[in-house]
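Read the structure below first, then the notes.
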Amino acid sequence: MNCSVLHRELPSYGMEKRLDPVTLQPFWDFVKAKEPLIQSPYFPVLFSFTAYMAFCLPYIALDFLSTKVPAVRKYKIQPLIYPTLGMMVPCMVQCVYHHVVFIFPVTVAHWYWRPVDLPAMAPELQRVLLDVTVCLLLFDFQYFLWHLLHHKVPWLYKTFHKVHHKHVSTFALTTQYSSVWELLSLGFFAAINPVLLKCHPLTEMIFFLVNIWLSVEDHSGYELPWSTNRLIPFGLYGGAPHHDLHHLKFRCNYAPYFTHWDRLFGSLAHAHSQQ
């Protein structure tokens, strides 16, 4: 009798072990409840644009506050230069135009080619963290090569990348102020990496959010106490100061996030250097 009870209880014990110690299942069940929206061809472009604007808005508020509040101004990387409404509006208009005219058709094609399938089970938290980290490292490498090439080949720079360097002092809305080729190229890198790694859909969403956030932070023009480059030790992550210096000096700091590729290729510069 005891053996029979034990055998009946073992499967449920195994299921509990799969959900422990940290489970994303309740959150994934909440996400799956929105399945009709997520499976819509409109979802990717709405998700991308909404996340981008949500991450930009706090920095836009800081831009207006920093002109009047010294406590905010001290965190600005280039404190003598402030973005104006006249500088922000063209960035915003271009962003809306690109999302409607270019990104939306591409995401619809992707939706048709690779229909969204939401599995019943959530991924393990450890696997999510690992996959997001690997996706970021892959994107960082791909962007570094793309960026270096578009700076070293004059025709590529003038034709495709120069528009992104219009502002030598970056602000949040300059993140996606770029040519269509640049926007779609980097979007392709971001989209293909989770596919190559066979990531769970929840992992894909988290990676996209993290990637958009880090890109906006890079261009924000602020180094706050909780900025990512202050949280990751040993100078492994460049962050906003790293990328702001690239826009100021052009010939350094080609990697978007981490510093190892610039260090290896001799293109790493710091704010105090004269490169």
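Here's how to read the names in the structure tokens: chain A, B, ... by the order shown, residue numbers from 1 in each chain, ligand numbers from 1 in the order shown.
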Residue neighbourhood range 239-246 of chain A, 6 Å, only C-alpha atoms, exclusion window fewer than 2 positions, as JSON, numbers by chain: {"A": [218, 229, 237, 248, 249, 250, 252, 253, 257]}
Give the alpha helix (DSSP H) residues of range 66-176 of chain A, as assigned by DSSP on the backbone, as JSON, numbers by chain. {"A": [66, 70, 71, 72, 73, 85, 86, 87, 88, 89, 90, 91, 92, 93, 94, 95, 96, 97, 98, 104, 105, 106, 107, 108, 109, 110, 111, 112, 113, 125, 126, 127, 128, 129, 130, 131, 132, 133, 134, 135, 136, 137, 138, 139, 140, 141, 142, 143, 144, 145, 146, 147, 148, 149, 150, 151, 152, 154, 155, 156]}
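For the pair CA of Thr203 in chain A and CA of His164 in chain A, the separation is 29.2 Å.
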For the interface of range 102-152 of chain A with range 26-49 of chain A (cut-off 10 Å, counting only C-alpha atoms), please tabulate each contacting residue of range 102-152 of chain A alongside its nearest pair of atoms and their separation in Å to one decimal, rows sorted by chain and increasing number, as a Markdown table.
```
| residue | atom | partner | partner_atom | distance |
| --- | --- | --- | --- | --- |
| A:Ile103 | CA | A:Val45 | CA | 6.7 |
| A:Phe104 | CA | A:Val45 | CA | 5.7 |
| A:Pro105 | CA | A:Val45 | CA | 9.2 |
| A:Val106 | CA | A:Val45 | CA | 9.3 |
| A:Thr107 | CA | A:Pro44 | CA | 6.4 |
| A:Val108 | CA | A:Pro41 | CA | 5.4 |
| A:Ala109 | CA | A:Pro41 | CA | 8.7 |
| A:His110 | CA | A:Pro41 | CA | 8.8 |
| A:Trp111 | CA | A:Pro41 | CA | 6.0 |
| A:Tyr112 | CA | A:Pro41 | CA | 8.1 |
| A:Pro115 | CA | A:Gln39 | CA | 7.5 |
| A:Val116 | CA | A:Gln39 | CA | 5.6 |
| A:Asp117 | CA | A:Gln39 | CA | 7.9 |
| A:Leu118 | CA | A:Lys32 | CA | 7.1 |
| A:Pro119 | CA | A:Lys32 | CA | 8.7 |
| A:Ala120 | CA | A:Asp29 | CA | 8.0 |
| A:Met121 | CA | A:Trp28 | CA | 7.8 |
| A:Ala122 | CA | A:Trp28 | CA | 5.7 |
| A:Pro123 | CA | A:Trp28 | CA | 8.7 |
```
Any chance you can output those residues with N, CA and C atoms as a PDB file, in the first residue's frame?
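As written to disk, again-v4.pdb reads:
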```pdb
ATOM      1  N   ILE A 103       9.258  49.324 -40.754  1.00  0.00           N
ATOM      2  CA  ILE A 103       9.298  48.251 -39.756  1.00  0.00           C
ATOM      3  C   ILE A 103       8.018  47.423 -39.778  1.00  0.00           C
ATOM      4  N   PHE A 104       6.873  48.060 -39.928  1.00  0.00           N
ATOM      5  CA  PHE A 104       5.606  47.318 -39.933  1.00  0.00           C
ATOM      6  C   PHE A 104       5.544  46.290 -41.065  1.00  0.00           C
ATOM      7  N   PRO A 105       5.846  46.653 -42.326  1.00  0.00           N
ATOM      8  CA  PRO A 105       5.823  45.620 -43.378  1.00  0.00           C
ATOM      9  C   PRO A 105       6.818  44.486 -43.131  1.00  0.00           C
ATOM     10  N   VAL A 106       7.984  44.820 -42.610  1.00  0.00           N
ATOM     11  CA  VAL A 106       8.985  43.772 -42.339  1.00  0.00           C
ATOM     12  C   VAL A 106       8.497  42.829 -41.250  1.00  0.00           C
ATOM     13  N   THR A 107       7.911  43.371 -40.197  1.00  0.00           N
ATOM     14  CA  THR A 107       7.434  42.514 -39.107  1.00  0.00           C
ATOM     15  C   THR A 107       6.231  41.668 -39.548  1.00  0.00           C
ATOM     16  N   VAL A 108       5.416  42.192 -40.459  1.00  0.00           N
ATOM     17  CA  VAL A 108       4.303  41.396 -40.991  1.00  0.00           C
ATOM     18  C   VAL A 108       4.850  40.229 -41.803  1.00  0.00           C
ATOM     19  N   ALA A 109       5.890  40.485 -42.601  1.00  0.00           N
ATOM     20  CA  ALA A 109       6.522  39.406 -43.371  1.00  0.00           C
ATOM     21  C   ALA A 109       7.119  38.356 -42.440  1.00  0.00           C
ATOM     22  N   HIS A 110       7.744  38.837 -41.354  1.00  0.00           N
ATOM     23  CA  HIS A 110       8.311  37.904 -40.369  1.00  0.00           C
ATOM     24  C   HIS A 110       7.207  37.109 -39.697  1.00  0.00           C
ATOM     25  N   TRP A 111       6.111  37.754 -39.384  1.00  0.00           N
ATOM     26  CA  TRP A 111       4.953  37.088 -38.773  1.00  0.00           C
ATOM     27  C   TRP A 111       4.409  36.007 -39.698  1.00  0.00           C
ATOM     28  N   TYR A 112       4.370  36.289 -40.993  1.00  0.00           N
ATOM     29  CA  TYR A 112       3.865  35.310 -41.970  1.00  0.00           C
ATOM     30  C   TYR A 112       4.839  34.151 -42.119  1.00  0.00           C
ATOM     31  N   PRO A 115       5.142  32.107 -37.861  1.00  0.00           N
ATOM     32  CA  PRO A 115       3.986  32.368 -36.990  1.00  0.00           C
ATOM     33  C   PRO A 115       4.340  32.168 -35.514  1.00  0.00           C
ATOM     34  N   VAL A 116       3.731  32.979 -34.674  1.00  0.00           N
ATOM     35  CA  VAL A 116       4.013  32.924 -33.243  1.00  0.00           C
ATOM     36  C   VAL A 116       3.353  31.702 -32.627  1.00  0.00           C
ATOM     37  N   ASP A 117       4.146  30.907 -31.932  1.00  0.00           N
ATOM     38  CA  ASP A 117       3.639  29.728 -31.228  1.00  0.00           C
ATOM     39  C   ASP A 117       4.017  29.862 -29.755  1.00  0.00           C
ATOM     40  N   LEU A 118       3.024  29.926 -28.901  1.00  0.00           N
ATOM     41  CA  LEU A 118       3.270  30.114 -27.472  1.00  0.00           C
ATOM     42  C   LEU A 118       3.134  28.779 -26.748  1.00  0.00           C
ATOM     43  N   PRO A 119       4.232  28.203 -26.277  1.00  0.00           N
ATOM     44  CA  PRO A 119       4.158  26.929 -25.564  1.00  0.00           C
ATOM     45  C   PRO A 119       3.462  27.078 -24.221  1.00  0.00           C
ATOM     46  N   ALA A 120       3.009  25.969 -23.693  1.00  0.00           N
ATOM     47  CA  ALA A 120       2.279  26.005 -22.417  1.00  0.00           C
ATOM     48  C   ALA A 120       3.200  26.320 -21.249  1.00  0.00           C
ATOM     49  N   MET A 121       4.419  25.779 -21.298  1.00  0.00           N
ATOM     50  CA  MET A 121       5.330  25.915 -20.164  1.00  0.00           C
ATOM     51  C   MET A 121       6.235  27.140 -20.312  1.00  0.00           C
ATOM     52  N   ALA A 122       6.487  27.797 -19.198  1.00  0.00           N
ATOM     53  CA  ALA A 122       7.437  28.913 -19.164  1.00  0.00           C
ATOM     54  C   ALA A 122       8.861  28.381 -19.158  1.00  0.00           C
ATOM     55  N   PRO A 123       9.821  29.184 -19.577  1.00  0.00           N
ATOM     56  CA  PRO A 123      11.221  28.764 -19.481  1.00  0.00           C
ATOM     57  C   PRO A 123      11.717  28.889 -18.043  1.00  0.00           C
TER      58      PRO A 123
END
```
Could the residues of range 175-258 of chain A that have an atom at most 8 Å from range 137-141 of chain A be listed as a tab-separated table, each with its closest atom pair and the distance in Å to one decimal, counting only C-alpha atoms and ordered by chain and ascending residue number?
```
residue	atom	partner	partner_atom	distance
A:Phe189	CA	A:Phe139	CA	6.2
A:Ala190	CA	A:Phe139	CA	6.4
A:Asn193	CA	A:Leu138	CA	7.1
A:Ala255	CA	A:Asp140	CA	6.1
A:Pro256	CA	A:Asp140	CA	6.1
A:Tyr257	CA	A:Asp140	CA	6.3
A:Phe258	CA	A:Asp140	CA	7.0
```
Could you list, as a list in words, every residue within 9 Å of Phe102 in chain A, counting only C-alpha atoms and ignoring same-chain residues fewer than 5 positions away?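 Those residues are Tyr97, Thr107, Val180 and Leu184 of chain A.
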I'd like the contact shell of Tyr59 in chain A - 10 Å cut-off, only C-alpha atoms, skipping same-chain residues fewer than 4 positions apart - returned as a list in words.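 So the residues in contact are Ala54, Phe55, Asp63, Phe64, Leu65, Phe171, Ala172, Leu173, Val216, Glu217, His219, Ser220, Gly221 and Tyr222 of chain A.
Restricting the calculation to only C-alpha atoms, the smallest distance between Val210 in chain A and any of A:Thr67, A:Thr170, A:Thr133, A:Gln142 is found for A:Thr133.
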Would you mind telling me which residue in A:Met92, A:Leu196, A:Val69, A:Leu202 lies nearest to Leu24 in chain A when using only C-alpha atoms?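 Using only C-alpha atoms, Leu24 in chain A sits closest to A:Leu202.
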Between CA of Pro201 in chain A and CA of Trp146 in chain A, distance in Å (one decimal): 26.5 Å
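CA of Asp131 in chain A is found 17.8 Å from CA of Gly187 in chain A.
Within 9 Å of Leu183 in chain A, once only C-alpha atoms are used and residues closer than 5 positions along the same chain are dropped, the contacting residues are His98, Ile103, Gln176, Tyr177, Ser178 and Phe188 of chain A.
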Considering only C-alpha atoms, return as a list in words whatever protein or nucleic-acid residues lie within 9 Å of Phe160 in chain A, sequence-local ones (same chain, fewer than 5 positions apart) excluded.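 Those residues are His150, Trp155, Ser178, Ser179, Val180, Trp181 and Glu182 of chain A.
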